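Shown next: protein.tsv, containing TSV, C-alpha atoms.
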```tsv
chain	number	residue	atom	x	y	z
A	30	MET	CA	-93.93	6.80	-78.06
A	31	VAL	CA	-91.34	9.52	-77.63
A	32	GLN	CA	-91.17	10.77	-74.03
A	33	TYR	CA	-89.94	14.12	-72.79
A	34	ALA	CA	-86.47	13.92	-71.25
A	35	GLU	CA	-86.62	13.61	-67.45
A	36	PRO	CA	-85.46	17.20	-66.68
A	37	ILE	CA	-88.15	18.58	-69.04
A	38	ASP	CA	-90.78	16.39	-67.42
A	39	ARG	CA	-89.68	17.50	-63.97
A	40	LEU	CA	-90.10	21.18	-64.87
A	41	ILE	CA	-93.53	20.40	-66.37
A	42	GLN	CA	-94.54	18.80	-63.06
A	43	SER	CA	-93.23	21.81	-61.08
A	44	PHE	CA	-95.14	24.26	-63.29
A	45	SER	CA	-98.31	22.10	-63.07
A	46	ARG	CA	-98.53	22.88	-59.37
A	47	LEU	CA	-99.04	26.60	-60.03
A	48	PRO	CA	-102.66	27.82	-59.87
A	49	GLY	CA	-104.49	27.78	-63.21
A	50	ILE	CA	-101.67	25.91	-64.94
A	51	GLY	CA	-102.66	22.46	-66.21
A	52	GLU	CA	-100.31	19.91	-67.74
A	53	LYS	CA	-100.78	21.33	-71.26
A	54	SER	CA	-99.95	24.91	-70.23
A	55	ALA	CA	-97.06	23.62	-68.11
A	56	THR	CA	-95.64	21.82	-71.15
A	57	ARG	CA	-95.96	24.99	-73.20
A	58	LEU	CA	-94.11	26.99	-70.54
A	59	ALA	CA	-91.34	24.38	-70.23
A	60	LEU	CA	-90.79	24.30	-74.01
A	61	PHE	CA	-90.81	28.11	-74.12
A	62	ILE	CA	-88.06	28.09	-71.51
A	63	LEU	CA	-86.07	25.49	-73.46
A	64	ASN	CA	-86.30	27.72	-76.53
A	65	SER	CA	-85.69	30.98	-74.64
A	66	LYS	CA	-82.63	33.08	-75.29
A	67	SER	CA	-79.90	32.85	-72.68
A	68	GLY	CA	-80.52	35.23	-69.82
A	69	TYR	CA	-84.22	34.62	-69.31
A	70	VAL	CA	-83.93	31.47	-67.19
A	71	GLU	CA	-81.18	33.08	-65.10
A	72	GLU	CA	-83.39	36.13	-64.55
A	73	LEU	CA	-86.40	34.01	-63.57
A	74	VAL	CA	-84.32	31.87	-61.21
A	75	ASP	CA	-82.84	34.99	-59.62
A	76	SER	CA	-86.30	36.57	-59.20
A	77	LEU	CA	-87.53	33.40	-57.49
A	78	ASP	CA	-84.42	33.10	-55.32
A	79	THR	CA	-84.50	36.66	-54.04
A	80	LEU	CA	-88.26	36.64	-53.47
A	81	LYS	CA	-88.36	34.59	-50.28
A	82	ASP	CA	-85.02	36.05	-49.15
A	83	LYS	CA	-86.06	39.67	-49.37
A	84	VAL	CA	-89.81	39.61	-48.88
A	85	LYS	CA	-90.96	39.06	-45.31
A	86	LEU	CA	-94.15	39.79	-43.38
A	87	CYS	CA	-94.47	43.32	-42.03
A	88	GLY	CA	-94.31	42.93	-38.24
A	89	THR	CA	-97.30	45.24	-37.82
A	90	CYS	CA	-99.89	44.42	-40.50
A	91	MET	CA	-98.50	41.08	-41.76
A	92	ALA	CA	-98.38	42.28	-45.40
A	93	PHE	CA	-95.66	40.88	-47.65
A	94	SER	CA	-93.00	43.57	-47.73
A	95	ALA	CA	-89.32	44.14	-48.39
A	96	THR	CA	-89.18	46.48	-45.39
A	97	ASP	CA	-90.43	46.27	-41.78
A	98	PRO	CA	-92.62	48.19	-41.12
A	99	CYS	CA	-94.04	48.04	-44.65
A	100	PRO	CA	-94.48	51.29	-46.65
A	101	THR	CA	-98.20	51.37	-45.77
A	102	CYS	CA	-97.67	51.11	-42.00
A	103	ALA	CA	-94.78	53.61	-42.22
A	104	ASP	CA	-96.82	56.16	-44.19
A	105	PRO	CA	-97.49	59.14	-41.84
A	106	LYS	CA	-100.37	60.31	-44.08
A	107	ARG	CA	-102.45	57.22	-43.31
A	108	ASN	CA	-104.95	57.16	-40.45
A	109	ASN	CA	-103.48	54.73	-37.93
A	110	ALA	CA	-106.61	54.64	-35.78
A	111	ILE	CA	-108.54	52.48	-38.28
A	112	ILE	CA	-107.60	48.91	-39.18
A	113	CYS	CA	-109.16	47.08	-42.12
A	114	VAL	CA	-108.86	43.31	-41.55
A	115	VAL	CA	-108.60	41.14	-44.67
A	116	SER	CA	-108.11	37.40	-45.19
A	117	ASP	CA	-105.44	37.67	-47.83
A	118	PHE	CA	-102.71	39.96	-49.13
A	119	LYS	CA	-104.54	40.06	-52.49
A	120	ASP	CA	-107.61	41.47	-50.73
A	121	MET	CA	-105.53	44.30	-49.30
A	122	MET	CA	-104.16	45.12	-52.77
A	123	ALA	CA	-107.65	45.02	-54.31
A	124	LEU	CA	-109.19	47.25	-51.62
A	125	ASP	CA	-106.34	49.71	-51.78
A	126	ALA	CA	-106.45	49.87	-55.58
A	127	ALA	CA	-110.16	50.73	-55.27
A	128	GLY	CA	-109.20	53.80	-53.24
A	129	GLY	CA	-111.47	55.29	-50.59
A	130	PHE	CA	-109.60	53.91	-47.60
A	131	SER	CA	-106.65	55.63	-45.99
A	132	GLY	CA	-106.33	53.67	-42.77
A	133	LEU	CA	-104.10	50.66	-42.11
A	134	TYR	CA	-104.59	46.99	-42.90
A	135	HIS	CA	-104.21	43.69	-41.11
A	136	ILE	CA	-103.74	40.49	-43.13
A	137	LEU	CA	-104.94	37.29	-41.47
A	138	HIS	CA	-103.41	34.99	-44.11
A	139	GLY	CA	-106.45	32.77	-44.20
A	140	ASN	CA	-109.91	32.29	-42.75
A	141	LEU	CA	-111.03	30.12	-39.87
A	142	ALA	CA	-111.93	26.72	-41.30
A	143	PRO	CA	-112.32	24.14	-38.51
A	144	LEU	CA	-113.06	21.34	-40.98
A	145	LYS	CA	-109.70	21.97	-42.68
A	146	GLY	CA	-107.93	22.23	-39.33
A	147	VAL	CA	-107.51	26.01	-39.46
A	148	GLY	CA	-108.21	27.37	-35.99
A	149	PRO	CA	-107.55	30.83	-34.48
A	150	ASP	CA	-103.87	30.00	-33.86
A	151	GLU	CA	-103.26	29.12	-37.52
A	152	ILE	CA	-104.05	32.63	-38.79
A	153	ARG	CA	-102.80	36.04	-37.66
A	154	ILE	CA	-105.48	36.79	-35.05
A	155	LYS	CA	-103.15	37.10	-32.03
A	156	GLU	CA	-101.16	39.81	-33.89
A	157	LEU	CA	-104.46	41.65	-34.50
A	158	THR	CA	-105.65	41.58	-30.88
A	159	ASP	CA	-102.16	42.67	-29.72
A	160	ARG	CA	-102.35	45.58	-32.16
A	161	VAL	CA	-105.81	46.64	-31.03
A	162	GLU	CA	-104.81	46.29	-27.38
A	163	SER	CA	-101.62	48.34	-27.51
A	164	ASN	CA	-102.59	51.14	-29.92
A	165	ASP	CA	-105.26	53.83	-29.98
A	166	ILE	CA	-107.56	52.07	-32.44
A	167	THR	CA	-111.03	53.54	-32.87
A	168	GLU	CA	-112.46	51.28	-35.59
A	169	VAL	CA	-111.83	47.81	-36.99
A	170	ILE	CA	-113.39	47.08	-40.39
A	171	LEU	CA	-113.98	43.35	-40.84
A	172	ALA	CA	-113.35	42.91	-44.57
A	173	THR	CA	-113.16	39.14	-44.82
A	174	GLY	CA	-115.13	37.54	-47.67
A	175	PHE	CA	-118.87	36.87	-47.74
A	176	ASP	CA	-118.44	33.14	-48.23
A	177	ALA	CA	-119.10	30.79	-45.28
A	178	GLU	CA	-115.52	30.85	-43.97
A	179	GLY	CA	-115.14	34.61	-44.36
A	180	GLU	CA	-118.41	35.22	-42.52
A	181	ALA	CA	-117.46	32.82	-39.72
A	182	THR	CA	-114.09	34.55	-39.35
A	183	ALA	CA	-115.74	38.00	-39.16
A	184	LEU	CA	-118.18	36.72	-36.55
A	185	TYR	CA	-115.36	35.25	-34.47
A	186	LEU	CA	-113.31	38.46	-34.71
A	187	ALA	CA	-116.32	40.58	-33.74
A	188	ARG	CA	-116.73	38.46	-30.62
A	189	ILE	CA	-113.10	38.62	-29.46
A	190	LEU	CA	-112.60	42.31	-30.36
A	191	LYS	CA	-115.77	43.50	-28.61
A	192	PRO	CA	-114.10	43.71	-25.12
A	193	PHE	CA	-111.61	46.30	-26.48
A	194	GLY	CA	-114.42	48.79	-27.00
A	195	VAL	CA	-113.57	49.65	-30.61
A	196	THR	CA	-116.19	50.33	-33.29
A	197	LEU	CA	-116.58	47.15	-35.35
A	198	THR	CA	-117.89	47.42	-38.91
A	199	ARG	CA	-118.32	45.04	-41.80
A	200	LEU	CA	-118.08	45.77	-45.55
A	201	ALA	CA	-121.51	46.33	-47.09
A	202	SER	CA	-123.02	43.30	-48.80
A	203	GLY	CA	-125.36	43.71	-51.78
A	204	VAL	CA	-125.72	43.69	-55.55
A	205	PRO	CA	-122.33	44.33	-57.26
A	206	VAL	CA	-122.13	47.41	-59.49
A	207	GLY	CA	-122.83	46.37	-63.08
A	208	SER	CA	-124.92	43.35	-62.09
A	209	TYR	CA	-128.59	42.73	-62.82
A	210	VAL	CA	-131.04	42.23	-59.98
A	211	GLU	CA	-132.77	39.37	-61.79
A	212	TYR	CA	-129.61	37.25	-61.80
A	213	MET	CA	-128.77	37.75	-58.11
A	214	ASP	CA	-129.25	34.97	-55.59
A	215	GLY	CA	-131.89	35.36	-52.90
A	216	VAL	CA	-129.45	35.71	-50.01
A	217	THR	CA	-127.66	38.62	-51.70
A	218	LEU	CA	-130.98	40.29	-52.54
A	219	GLY	CA	-132.17	39.82	-48.95
A	220	ARG	CA	-129.04	41.58	-47.70
A	221	ALA	CA	-129.30	44.32	-50.31
A	222	LEU	CA	-132.88	44.97	-49.14
A	223	ALA	CA	-132.00	44.91	-45.45
A	224	GLY	CA	-129.12	47.33	-46.09
A	225	ARG	CA	-131.09	49.70	-48.33
A	226	ARG	CA	-130.16	53.37	-48.09
A	227	SER	CA	-132.14	56.55	-48.62
A	228	VAL	CA	-131.25	58.39	-51.81
B	18	MET	CA	-101.81	53.43	-53.52
B	19	VAL	CA	-100.01	50.44	-52.04
B	20	GLN	CA	-97.37	49.05	-54.40
B	21	TYR	CA	-95.97	45.54	-54.48
B	22	ALA	CA	-92.50	45.30	-52.97
B	23	GLU	CA	-89.78	45.46	-55.64
B	24	PRO	CA	-88.81	41.75	-55.47
B	25	ILE	CA	-92.49	40.76	-55.93
B	26	ASP	CA	-92.83	43.16	-58.85
B	27	ARG	CA	-89.69	41.78	-60.42
B	28	LEU	CA	-91.02	38.20	-60.30
B	29	ILE	CA	-94.33	39.41	-61.76
B	30	GLN	CA	-92.40	40.95	-64.68
B	31	SER	CA	-90.40	37.74	-65.19
B	32	PHE	CA	-93.58	35.61	-65.23
B	33	SER	CA	-95.30	38.07	-67.59
B	34	ARG	CA	-92.82	37.15	-70.30
B	35	LEU	CA	-94.05	33.54	-70.40
B	36	PRO	CA	-96.47	32.71	-73.23
B	37	GLY	CA	-100.15	33.08	-72.31
B	38	ILE	CA	-99.33	34.74	-68.96
B	39	GLY	CA	-100.55	38.34	-68.68
B	40	GLU	CA	-99.84	40.68	-65.79
B	41	LYS	CA	-102.86	39.48	-63.82
B	42	SER	CA	-101.94	35.79	-64.09
B	43	ALA	CA	-98.31	36.66	-63.34
B	44	THR	CA	-99.41	38.44	-60.15
B	45	ARG	CA	-101.48	35.42	-59.15
B	46	LEU	CA	-98.48	33.12	-59.69
B	47	ALA	CA	-96.12	35.39	-57.74
B	48	LEU	CA	-98.52	35.59	-54.77
B	49	PHE	CA	-99.02	31.82	-54.89
B	50	ILE	CA	-95.26	31.43	-54.64
B	51	LEU	CA	-95.08	33.89	-51.72
B	52	ASN	CA	-97.72	31.84	-49.93
B	53	SER	CA	-96.28	28.45	-50.90
B	54	LYS	CA	-94.94	26.05	-48.30
B	55	SER	CA	-91.18	25.90	-48.06
B	56	GLY	CA	-89.73	23.47	-50.57
B	57	TYR	CA	-91.78	24.43	-53.61
B	58	VAL	CA	-89.69	27.44	-54.68
B	59	GLU	CA	-86.48	25.46	-54.15
B	60	GLU	CA	-87.89	22.62	-56.29
B	61	LEU	CA	-88.97	25.00	-59.06
B	62	VAL	CA	-85.61	26.80	-59.05
B	63	ASP	CA	-83.78	23.47	-59.17
B	64	SER	CA	-85.96	22.25	-62.08
B	65	LEU	CA	-85.19	25.46	-63.99
B	66	ASP	CA	-81.48	25.32	-63.17
B	67	THR	CA	-80.97	21.73	-64.26
B	68	LEU	CA	-83.08	22.11	-67.40
B	69	LYS	CA	-80.60	24.00	-69.54
B	70	ASP	CA	-77.67	22.16	-67.92
B	71	LYS	CA	-78.92	18.68	-68.71
B	72	VAL	CA	-81.08	19.11	-71.78
B	73	LYS	CA	-79.17	19.60	-75.02
B	74	LEU	CA	-79.95	19.10	-78.69
B	75	CYS	CA	-79.53	15.55	-80.00
B	76	GLY	CA	-76.57	15.75	-82.42
B	77	THR	CA	-78.50	13.74	-85.00
B	78	CYS	CA	-82.13	14.92	-85.06
B	79	MET	CA	-81.79	18.18	-83.05
B	80	ALA	CA	-84.53	17.13	-80.56
B	81	PHE	CA	-84.22	18.36	-76.97
B	82	SER	CA	-82.78	15.41	-75.07
B	83	ALA	CA	-80.86	14.51	-71.93
B	84	THR	CA	-78.79	12.03	-73.97
B	85	ASP	CA	-76.94	12.20	-77.30
B	86	PRO	CA	-78.12	10.48	-79.44
B	87	CYS	CA	-81.63	10.93	-78.11
B	88	PRO	CA	-83.74	7.84	-77.22
B	89	THR	CA	-85.58	8.09	-80.56
B	90	CYS	CA	-82.43	8.14	-82.70
B	91	ALA	CA	-80.90	5.37	-80.54
B	92	ASP	CA	-83.96	3.12	-80.82
B	93	PRO	CA	-82.98	0.10	-83.01
B	94	LYS	CA	-86.67	-0.67	-83.68
B	95	ARG	CA	-87.19	2.58	-85.62
B	96	ASN	CA	-86.73	2.75	-89.38
B	97	ASN	CA	-83.64	4.92	-89.87
B	98	ALA	CA	-84.14	5.22	-93.63
B	99	ILE	CA	-87.07	7.67	-93.28
B	100	ILE	CA	-86.73	11.15	-91.84
B	101	CYS	CA	-89.76	13.27	-90.93
B	102	VAL	CA	-88.77	16.96	-90.94
B	103	VAL	CA	-90.68	19.24	-88.55
B	104	SER	CA	-90.37	22.93	-87.68
B	105	ASP	CA	-90.54	22.53	-83.94
B	106	PHE	CA	-89.92	20.04	-81.15
B	107	LYS	CA	-93.62	20.28	-80.23
B	108	ASP	CA	-94.52	19.11	-83.76
B	109	MET	CA	-92.36	16.01	-83.29
B	110	MET	CA	-94.09	15.23	-79.97
B	111	ALA	CA	-97.55	15.73	-81.54
B	112	LEU	CA	-96.81	13.53	-84.57
B	113	ASP	CA	-95.29	10.82	-82.44
B	114	ALA	CA	-98.18	10.86	-79.99
B	115	ALA	CA	-100.52	10.34	-82.98
B	116	GLY	CA	-98.68	7.08	-83.74
B	117	GLY	CA	-98.39	5.71	-87.26
B	118	PHE	CA	-94.79	6.77	-87.86
B	119	SER	CA	-91.80	4.70	-86.84
B	120	GLY	CA	-89.02	6.47	-88.69
B	121	LEU	CA	-86.74	9.19	-87.36
B	122	TYR	CA	-87.28	12.94	-87.04
B	123	HIS	CA	-85.38	16.11	-87.80
B	124	ILE	CA	-86.24	19.32	-85.98
B	125	LEU	CA	-85.48	22.55	-87.84
B	126	HIS	CA	-86.18	24.81	-84.83
B	127	GLY	CA	-88.06	27.33	-86.93
B	128	ASN	CA	-89.23	28.08	-90.44
B	129	LEU	CA	-87.65	30.20	-93.12
B	130	ALA	CA	-88.96	33.75	-92.67
B	131	PRO	CA	-86.89	36.21	-94.73
B	132	LEU	CA	-88.89	39.20	-93.49
B	133	LYS	CA	-87.99	38.31	-89.89
B	134	GLY	CA	-84.37	37.72	-90.85
B	135	VAL	CA	-84.57	33.92	-90.60
B	136	GLY	CA	-82.62	32.47	-93.52
B	137	PRO	CA	-81.41	28.90	-94.19
B	138	ASP	CA	-78.41	29.35	-91.86
B	139	GLU	CA	-80.60	30.33	-88.90
B	140	ILE	CA	-82.46	26.98	-88.78
B	141	ARG	CA	-81.11	23.41	-88.76
B	142	ILE	CA	-81.04	22.81	-92.55
B	143	LYS	CA	-77.30	22.14	-92.86
B	144	GLU	CA	-77.63	19.34	-90.26
B	145	LEU	CA	-80.46	17.85	-92.36
B	146	THR	CA	-78.57	17.88	-95.67
B	147	ASP	CA	-75.51	16.40	-93.93
B	148	ARG	CA	-77.72	13.63	-92.54
B	149	VAL	CA	-79.31	12.87	-95.90
B	150	GLU	CA	-75.92	12.95	-97.60
B	151	SER	CA	-74.07	10.61	-95.25
B	152	ASN	CA	-76.78	8.03	-94.44
B	153	ASP	CA	-78.89	5.63	-96.50
B	154	ILE	CA	-82.05	7.70	-96.45
B	155	THR	CA	-84.83	6.61	-98.81
B	156	GLU	CA	-87.57	9.12	-97.93
B	157	VAL	CA	-87.82	12.57	-96.38
B	158	ILE	CA	-91.30	13.60	-95.22
B	159	LEU	CA	-91.65	17.39	-95.19
B	160	ALA	CA	-93.94	17.92	-92.19
B	161	THR	CA	-93.62	21.69	-91.73
B	162	GLY	CA	-96.88	23.59	-91.22
B	163	PHE	CA	-99.36	24.63	-93.90
B	164	ASP	CA	-99.06	28.31	-93.09
B	165	ALA	CA	-97.09	30.57	-95.46
B	166	GLU	CA	-93.73	30.12	-93.70
B	167	GLY	CA	-94.14	26.35	-93.31
B	168	GLU	CA	-95.04	25.98	-96.99
B	169	ALA	CA	-92.10	28.13	-98.09
B	170	THR	CA	-89.76	26.08	-95.91
B	171	ALA	CA	-91.07	22.80	-97.39
B	172	LEU	CA	-90.63	24.19	-100.91
B	173	TYR	CA	-87.06	25.28	-100.16
B	174	LEU	CA	-86.18	21.91	-98.60
B	175	ALA	CA	-87.68	20.05	-101.58
B	176	ARG	CA	-85.44	22.04	-103.89
B	177	ILE	CA	-82.19	21.49	-102.01
B	178	LEU	CA	-82.90	17.82	-101.18
B	179	LYS	CA	-83.83	16.83	-104.75
B	180	PRO	CA	-80.17	16.32	-105.87
B	181	PHE	CA	-79.77	13.57	-103.23
B	182	GLY	CA	-82.26	11.36	-105.07
B	183	VAL	CA	-84.46	10.61	-102.03
B	184	THR	CA	-88.25	10.32	-102.19
B	185	LEU	CA	-89.72	13.61	-100.97
B	186	THR	CA	-93.24	13.63	-99.54
B	187	ARG	CA	-95.44	16.18	-97.80
B	188	LEU	CA	-98.13	15.61	-95.15
B	189	ALA	CA	-101.61	15.43	-96.68
B	190	SER	CA	-103.60	18.65	-96.51
B	191	GLY	CA	-107.40	18.61	-96.25
B	192	VAL	CA	-110.43	18.84	-93.99
B	193	PRO	CA	-109.51	17.93	-90.36
B	194	VAL	CA	-111.33	14.95	-88.84
B	195	GLY	CA	-114.35	16.21	-86.92
B	196	SER	CA	-114.72	19.38	-89.00
B	197	TYR	CA	-117.62	20.37	-91.22
B	198	VAL	CA	-117.10	20.98	-94.93
B	199	GLU	CA	-119.32	24.08	-94.89
B	200	TYR	CA	-117.02	25.88	-92.44
B	201	MET	CA	-113.78	25.13	-94.31
B	202	ASP	CA	-111.95	27.84	-96.24
B	203	GLY	CA	-111.76	27.57	-100.02
B	204	VAL	CA	-108.04	26.85	-100.17
B	205	THR	CA	-108.38	23.86	-97.82
B	206	LEU	CA	-111.38	22.56	-99.78
B	207	GLY	CA	-109.47	22.96	-103.05
B	208	ARG	CA	-106.63	20.87	-101.64
B	209	ALA	CA	-109.02	18.29	-100.20
B	210	LEU	CA	-110.62	17.92	-103.65
B	211	ALA	CA	-107.28	17.70	-105.45
B	212	GLY	CA	-106.10	15.06	-102.98
B	213	ARG	CA	-109.33	13.00	-103.04
B	214	ARG	CA	-108.93	9.24	-102.64
B	215	SER	CA	-111.00	6.30	-103.86
B	216	VAL	CA	-112.96	4.55	-101.13
```
Show the structure stored in the file as structure tokens.
Amino acid sequence: MVQYAEPIDRLIQSFSRLPGIGEKSATRLALFILNSKSGYVEELVDSLDTLKDKVKLCGTCMAFSATDPCPTCADPKRNNAIICVVSDFKDMMALDAAGGFSGLYHILHGNLAPLKGVGPDEIRIKELTDRVESNDITEVILATGFDAEGEATALYLARILKPFGVTLTRLASGVPVGSYVEYMDGVTLGRALAGRRSV
Amino acid sequence: MVQYAEPIDRLIQSFSRLPGIGEKSATRLALFILNSKSGYVEELVDSLDTLKDKVKLCGTCMAFSATDPCPTCADPKRNNAIICVVSDFKDMMALDAAGGFSGLYHILHGNLAPLKGVGPDEIRIKELTDRVESNDITEVILATGFDAEGEATALYLARILKPFGVTLTRLASGVPVGSYVEYMDGVTLGRALAGRRSV
């Protein structure tokens, strides 16, 4: 059987490691690149090369940014007394795109996961406590996920942030907008009931 | 609203141009790369860089190959009197993976498409006629697709290859294995009837 030349196969393997890209998609991408007009590969390579060179973590909130502090932390219109703590940079982008929050963020870059060897020192918790300690912070919103690891991380953060005397809040948990009650799991419905609001 | 830093946005745009990758997937890939352990980006960049350097067209069959002639054309066990003409490198790989053919291939790198400005000089037809002219070829299998452009290309090739006195054949057209007759279009069924075989 005809085999792909080694350099093609190597690119297929590299692409296969990207999330959501299986071997079939990776092959399609590699052949697209082989067929692409000159200029595209150079542009892609340059984008990849400059990415890790130019994008660093903001020294304040740990967001990926080309500047330090990042545009969010440097924005004088944002309320710097409230910090919204998220597990991942994507969570920050999703929350900010939703609007409704004009404070600052803090990105942990992960959740506590003792079974996977991720303890408090492996994620950006020290940077958060330092921030809370040395600034006039009034509220910390714990916006980690509602999965087991996200909940455990929020619980841990609540415990270690309590001594600083800041208001600690958690995102509301309940039935997502657009969802049907009948299809919701019992735990979610229990929380939605416990957190019911007067209308 | 928080924006992605320019270098991140640039990589998202580069990824968006890949087939099957929309802006959302491209964002996911770019953030995966930002979060990736050191070594992965370097490996991906190196795979991309060496691809176009090392992979060229085989001077005989026009397949993408790291050697010239390619391993298929250089294989003494293959029947070099039969050429199977395909539109695309992917078609060659698919036919060869199916087994059942031990001759050589010729990749056109496209189909004739006058409306898109693709004439006979834009695809590898000259290389095919040269090959048929200067070698002892007994049969040319026209294995372009059964869409309008593939059919037109096969028809054109049949016309210009006729003077060389080689046997010209076309892949059989009919109901795919695993498909139901009731769901087939009339044109396919007409061809399947016309090409019926005794059992």
With range 156-179 of chain B as the partner and 9 Å as the cut-off, tabulate the residues of range 88-148 of chain B that qualify, each row holding the nearest pair of atoms and their distance in Å to one decimal, using only C-alpha atoms, sorted by chain and rising number, as CSV.
```
residue,atom,partner,partner_atom,distance
B:Ala98,CA,B:Glu156,CA,6.7
B:Ile99,CA,B:Glu156,CA,4.9
B:Ile100,CA,B:Val157,CA,4.9
B:Cys101,CA,B:Ile158,CA,4.6
B:Val102,CA,B:Leu159,CA,5.2
B:Val103,CA,B:Thr161,CA,5.0
B:Ser104,CA,B:Thr161,CA,5.3
B:Asp105,CA,B:Thr161,CA,8.4
B:Asp108,CA,B:Thr161,CA,8.4
B:Gly127,CA,B:Gly167,CA,8.9
B:Asn128,CA,B:Thr170,CA,5.8
B:Leu129,CA,B:Thr170,CA,5.4
B:Ala130,CA,B:Glu166,CA,6.1
B:Pro137,CA,B:Thr170,CA,9.0
B:Ile142,CA,B:Leu174,CA,8.0
B:Thr146,CA,B:Leu178,CA,7.0
```
Would you write out, as CSV, a table of all residues in chain A that have an atom no more than 6 Å from an atom of chain B, listing for each the closest atom pair and the distance in Å to one decimal, considering only C-alpha atoms and ordering rows by chain and rising residue number?
```
residue,atom,partner,partner_atom,distance
A:Ala34,CA,B:Ser82,CA,5.5
A:Pro36,CA,B:Leu68,CA,5.5
A:Leu40,CA,B:Ser64,CA,5.1
A:Ser43,CA,B:Leu61,CA,5.7
A:Leu73,CA,B:Ser31,CA,5.7
A:Val74,CA,B:Val62,CA,5.7
A:Ser76,CA,B:Leu28,CA,5.1
A:Leu80,CA,B:Pro24,CA,5.5
A:Ser94,CA,B:Ala22,CA,5.5
A:Ala95,CA,B:Ala22,CA,5.7
```
Can you tell me, as lines of an AutoDock Vina configuration file, the centre and edge lengths (Å, one decimal) of the axis-aligned box enclosing all of range 220-225 of chain A's listed atoms after padding each side by 5 Å?
```
center_x = -131.0
center_y = 45.6
center_z = -47.9
size_x = 13.8
size_y = 18.1
size_z = 14.9
```
Two-atom distance - CA of Arg213 in chain B, CA of Val183 in chain B (Å):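 Distance reported for this atom pair: 25.0 Å.
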Atomic distance CA of Ala223 in chain A - CA of Ile136 in chain A, expressed in Å with one decimal: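 These two atoms are separated by 28.7 Å.
Here CA of Gly182 in chain B is placed at a distance of 21.9 Å from CA of Arg95 in chain B.
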Pick from B:Gly212, B:Thr77, B:Val135, B:Thr205 nearest to Asn152 in chain B, counting all atoms listed in the file: B:Thr77
Residue contacts of Pro86 in chain B (7 Å, all atoms listed in the file) excluding same-chain residues fewer than 4 positions away, as a ChimeraX atom specification: /B:75-77,90-91
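Restricting the calculation to all atoms listed in the file, the smallest distance between Lys155 in chain A and any of A:Val206, A:Cys90, A:Gly219, A:Pro143 is found for A:Cys90.
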Nearest residue to Leu185 in chain B from the set B:Ile154, B:Arg141, B:Gly117, B:His123 (distances using all atoms listed in the file): B:Ile154
Atoms are missing here; could range 164-176 of chain A be completed with N, CA and C atoms and written as a compact mmCIF listing (two decimals), in the frame of the given file?
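Output contents, as saved in out21.txt:
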```txt
# COMPACT_ATOMS: atom_id res chain seq x y z
N ASN A 164 -102.57 49.88 -29.16
CA ASN A 164 -102.59 51.14 -29.92
C ASN A 164 -103.94 51.82 -29.74
N ASP A 165 -103.99 53.10 -30.09
CA ASP A 165 -105.26 53.83 -29.98
C ASP A 165 -106.11 53.59 -31.22
N ILE A 166 -106.73 52.43 -31.28
CA ILE A 166 -107.56 52.07 -32.44
C ILE A 166 -109.00 52.45 -32.15
N THR A 167 -109.64 53.15 -33.09
CA THR A 167 -111.03 53.54 -32.87
C THR A 167 -112.00 52.63 -33.62
N GLU A 168 -111.55 52.11 -34.79
CA GLU A 168 -112.46 51.28 -35.59
C GLU A 168 -111.71 50.13 -36.24
N VAL A 169 -112.36 48.96 -36.25
CA VAL A 169 -111.83 47.81 -36.99
C VAL A 169 -112.87 47.41 -38.02
N ILE A 170 -112.48 47.48 -39.31
CA ILE A 170 -113.39 47.08 -40.39
C ILE A 170 -113.13 45.61 -40.69
N LEU A 171 -114.15 44.78 -40.56
CA LEU A 171 -113.98 43.35 -40.84
C LEU A 171 -114.26 43.13 -42.33
N ALA A 172 -113.19 43.00 -43.12
CA ALA A 172 -113.35 42.91 -44.57
C ALA A 172 -113.00 41.53 -45.09
N THR A 173 -113.31 40.51 -44.31
CA THR A 173 -113.16 39.14 -44.82
C THR A 173 -114.27 38.90 -45.83
N GLY A 174 -114.17 37.81 -46.59
CA GLY A 174 -115.13 37.54 -47.67
C GLY A 174 -116.54 37.23 -47.17
N PHE A 175 -117.48 37.15 -48.10
CA PHE A 175 -118.87 36.87 -47.74
C PHE A 175 -119.24 35.41 -48.01
N ASP A 176 -118.22 34.58 -48.16
CA ASP A 176 -118.44 33.14 -48.23
C ASP A 176 -118.55 32.63 -46.79
```
